[in-house]
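Visitor: Pasting a structure below so you can have a look.
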Amino acid sequence: MKIPVVVVDDQEVDRYLVKRRLQKNQNFGDLIELSGGEKLLQKYFSEDPVGADVEPLLVLMDINMPGMDGFETIEEIQRRMSEGKGPDSIVVMMITSSGNLKDQERAEKLSVVKGFISKPLDEQGVQYILDLYTGYVSRD
Amino acid sequence: MLQLDKYKLALAISPVPMLLVARDGEILLVNSLLDELFCYSPGELLGQSVDVLVPQSIRDHHPALRHAYLRMPSKRQMGQGRDLTGITKTGEVIPLELGLDSVEIDGESFALVVALDIRHRKQHEGRMNLAMDAAASAMIMVDETGTIIFVNKAAVSLFGYDEKDLLGNPIECLVPKDIQRVHPVYINSFMSSSEARPMAKEQDLHALHRDGRKIPVEIALTPLDTPSGKMVMSTIIDLTERVAAERAVAAKSDELAAANSELTQFAYSASHDLKAPLSSIAGLLSLCIEDLDSGDLGHLRDNLYKCLNISQRSAKKVEGVLEIARVGRNDIPTESVVFEELIREMWLDLTGINKNNTQLRLVLKHADPIEIQLNTLKVIMENLLSNASRYGDDNKSEHYIEIKTKSDHETLYISVADNGVGIPKNKQHVVFDMFKRIDEKSGDGLGMALVKKQIDRLGGAVAFSSEVGEGTDFRIELPLMKGR
């Protein structure tokens, strides 16, 4: 079974980079591109969640975005999940070019965030995502 | 005359100048010290009226004063602080302190007079006053009752009064209204403890200027025992300049703190927003190498173009950042600008690029031409117009931008209103922040930061109100320069 992936990033080129990188790895399935946090919430965390995958959904989340930023989006996801909305299980990883330690610390405090990955995503990054993901999924 | 001889002897051995005067003013006895003081030869004054020793200015009413004294005789102490004067044979007026005593000799009243030469004391006082006038700090001396006895020149100029308006008046005329009533109590307590000390230690102290203004001061109190009784000398230091300097330093320090936090914010934003495109380019280039190796020239070409595109945009962005950083660095001359022409031109340039059906309405009520930095005004208006035209609301049948102006002698008021999508409440506080993009239609997040900085530099103001679904209204005030 391949891993379902959503990449949330306002920059088209950055979504493209993630897509190309993940396509080179057999373990990832189709990738859904979303340009902002609002779209993710609408698609996966509304009253009627769309698509209930067997595998937990992998969300690669940019931090710095106009509209809702990555953190705001994740906080809203946690709120909605506590109300029982959205998929049963997701694995969120932040993917950012921010070298700011504060961003990393803030990400560590969010329970649904399982990883913090630097842009640009390269082969090692993809492997790291895969290891983290399988680690969490097998633990569940 | 035996009794009179006794007095003669007493006068002769007295260490101070003395004379005995009869009821009618006739001088009966003088000692040699008095003769010397008034420059008469021995015996010359005997038989003369005492009025010859009195200066011309008061000689006329002196007999009346004498009679009054003999009718109601009383011992008059020395050192009651009265400035009296006598006149010598040579016509010199000398300051005297007089002691008077009424004595009975053979059933008749006589006045026994002690005359002390206080020229030295007066000279000394004069020198003291000169010295105090030369002092930079204001000095005021009050007596036990708080009456002003002396003020130096610095005090006169500090408080804005004439010397004569202060002398003899209660010190409370220089005390702020709110403590005027309790001040005499403070004087009393100081008089009883009488140790030199600063006034109102560790409190902000103010003195009252003639025009009602409160002057921040520091006051040192020194008790003085003078021949005229207990006095207090207060030395008053005007803190106006020090307080102003402290305020200026505090303001400067706030300014620096703000500049520093702006710089930190800038460094943070720049590190992210200028680094992001570079990491995109790095990602693309690593794909390019792989595409080249695998012979996927289509993707290679596409991605190289993307790299080119991003680097060009980034170069522009760096220019934008530089432009913001340069704001306020150089003094730009003002020009006479006809506002409507400027806006029409700008609008043509703008709509030439973005094909839109936005309506531009002008309601211009200011006085043309305006004297302003042309390029600065361009930057401000271009950014506002470009934002307003970009955020049209597709749910509305028509989109308009309305520019309203008015002006007075000093200020140009511009309002740029649109009926576009509006700015969400939770994003309104970041509108002027660098690199903050409100949504996907936003540019690189530099435009409004630049607008704000330029308006601040000109000493103007900018504010806006916005309602989602209703539109946005930016209001600007720009100070106008006087025409050259």
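Following the order of the structure tokens, first chain is A, next is B, and so on, with residues numbered from 1 inside each chain and ligands from 1 in the order they appear.
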Tell me, which residues of chain A carry DSSP alpha helix (DSSP H), written as a PyMOL selection string?

Guide: chain A and resi 12-23+37-44+70-82+101-108+123-139

Visitor: I need the residues of range 95-140 of chain B that end up classed as strand (DSSP E) by DSSP on the backbone, written out as number ranges by chain.

Guide: B: 95-105, 108-117, 138-140

Visitor: So that I have them on file, write out the residues from the current selection with C-alpha atoms, as a PDB file, in the first residue's frame.

Guide:
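Output (selection_5.pdb):
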ATOM      1  CA  PRO B  95      24.838 103.108  58.221  1.00  0.00           C
ATOM      2  CA  LEU B  96      24.219 102.834  61.939  1.00  0.00           C
ATOM      3  CA  GLU B  97      22.656 100.541  64.359  1.00  0.00           C
ATOM      4  CA  LEU B  98      21.189 102.515  67.275  1.00  0.00           C
ATOM      5  CA  GLY B  99      20.401 101.486  70.819  1.00  0.00           C
ATOM      6  CA  LEU B 100      18.138 103.830  72.779  1.00  0.00           C
ATOM      7  CA  ASP B 101      17.554 103.962  76.494  1.00  0.00           C
ATOM      8  CA  SER B 102      15.629 106.465  78.487  1.00  0.00           C
ATOM      9  CA  VAL B 103      17.317 107.557  81.715  1.00  0.00           C
ATOM     10  CA  GLU B 104      16.174 109.793  84.589  1.00  0.00           C
ATOM     11  CA  ILE B 105      18.661 112.323  85.893  1.00  0.00           C
ATOM     12  CA  GLU B 108      14.367 114.766  84.087  1.00  0.00           C
ATOM     13  CA  SER B 109      14.214 112.336  81.127  1.00  0.00           C
ATOM     14  CA  PHE B 110      17.191 111.943  78.896  1.00  0.00           C
ATOM     15  CA  ALA B 111      17.939 109.634  76.033  1.00  0.00           C
ATOM     16  CA  LEU B 112      21.087 107.563  76.224  1.00  0.00           C
ATOM     17  CA  VAL B 113      22.083 106.584  72.685  1.00  0.00           C
ATOM     18  CA  VAL B 114      24.527 103.969  71.520  1.00  0.00           C
ATOM     19  CA  ALA B 115      25.552 104.338  67.891  1.00  0.00           C
ATOM     20  CA  LEU B 116      27.251 101.390  66.223  1.00  0.00           C
ATOM     21  CA  ASP B 117      29.075 101.879  62.971  1.00  0.00           C
ATOM     22  CA  ALA B 138      19.043  81.090  42.108  1.00  0.00           C
ATOM     23  CA  MET B 139      19.378  82.012  45.793  1.00  0.00           C
ATOM     24  CA  ILE B 140      16.619  83.231  48.029  1.00  0.00           C
TER      25      ILE B 140
END

Visitor: Write down, as an mmCIF file with N, CA and C atoms, in the first residue's frame, each residue of chain B that has any atom within 6 Å of an atom of chain A, counting only C-alpha atoms.

Guide:
data_model
loop_
_atom_site.group_PDB
_atom_site.id
_atom_site.type_symbol
_atom_site.label_atom_id
_atom_site.label_comp_id
_atom_site.auth_asym_id
_atom_site.auth_seq_id
_atom_site.Cartn_x
_atom_site.Cartn_y
_atom_site.Cartn_z
ATOM 1 N N HIS B 272 14.228 34.501 6.076
ATOM 2 C CA HIS B 272 13.280 33.556 5.504
ATOM 3 C C HIS B 272 12.935 33.894 4.057
ATOM 4 N N ALA B 276 14.099 31.611 1.004
ATOM 5 C CA ALA B 276 13.133 30.680 0.411
ATOM 6 C C ALA B 276 13.339 30.501 -1.097
ATOM 7 N N SER B 279 16.418 28.420 -1.813
ATOM 8 C CA SER B 279 16.305 26.977 -1.600
ATOM 9 C C SER B 279 15.447 26.340 -2.690
ATOM 10 N N GLY B 283 16.785 23.361 -5.055
ATOM 11 C CA GLY B 283 15.994 22.147 -5.282
ATOM 12 C C GLY B 283 15.816 21.875 -6.771
ATOM 13 N N ARG B 437 2.347 38.591 3.658
ATOM 14 C CA ARG B 437 1.439 38.512 2.522
ATOM 15 C C ARG B 437 0.081 38.106 3.055
ATOM 16 N N ILE B 438 -0.930 38.831 2.646
ATOM 17 C CA ILE B 438 -2.263 38.580 3.198
ATOM 18 C C ILE B 438 -2.860 37.320 2.579
ATOM 19 N N ASP B 439 -2.723 37.201 1.283
ATOM 20 C CA ASP B 439 -3.219 35.987 0.627
ATOM 21 C C ASP B 439 -2.464 35.772 -0.681
#

Visitor: Using only C-alpha atoms, which protein or nucleic acid residues come within 8 Å of Ala449 in chain B? Drop anything in the same chain fewer than 3 positions from it, and give the result as a list in words.

Guide: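 Contacts, in chain order: Ile324, Val431, Phe432, Asp433, Met434, Gly445, Leu446, Lys452 and Lys453 of chain B.
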
Visitor: Under the rule that only C-alpha atoms are counted, which of A:Phe45, A:Val112, A:Asp62, A:Leu40 is the nearest residue to Glu12 in chain A?

Guide: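 Closest to Glu12 in chain A of all the choices is A:Asp62.
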
Visitor: Counting only C-alpha atoms, figure out which residue out of A:Val6, A:Leu41, A:Leu22, A:Ile90 gets nearest to Thr73 in chain A.

Guide: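 Looking only at the distances to Thr73 in chain A, the closest residue turns out to be A:Leu41.
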
Visitor: Excluding Thr235 in chain B and its own-chain neighbours fewer than 2 positions away, which residues fall within 10 Å of it when counting only C-alpha atoms? Please give them as a list in words.

Guide: Ala135, Ala136, Ser137, Ala138, Met139, Ile140, Met141, Ala155, Pro198, Met199, Val217, Glu218, Ile219, Ala220, Leu221, Thr222, Val232, Met233, Ile237 and Asp238 of chain B

Visitor: Given only C-alpha atoms as the basis, pick out the residue of B:Lys164, B:Gln428, B:Asn357, B:Tyr413 nearest to Asp394 in chain B.

Guide: B:Asn357

Visitor: Just how far from CA of Glu382 in chain B is CA of Glu410 in chain B, in Å to one decimal?

Guide: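 Between CA of Glu410 in chain B and CA of Glu382 in chain B the gap is 23.1 Å.
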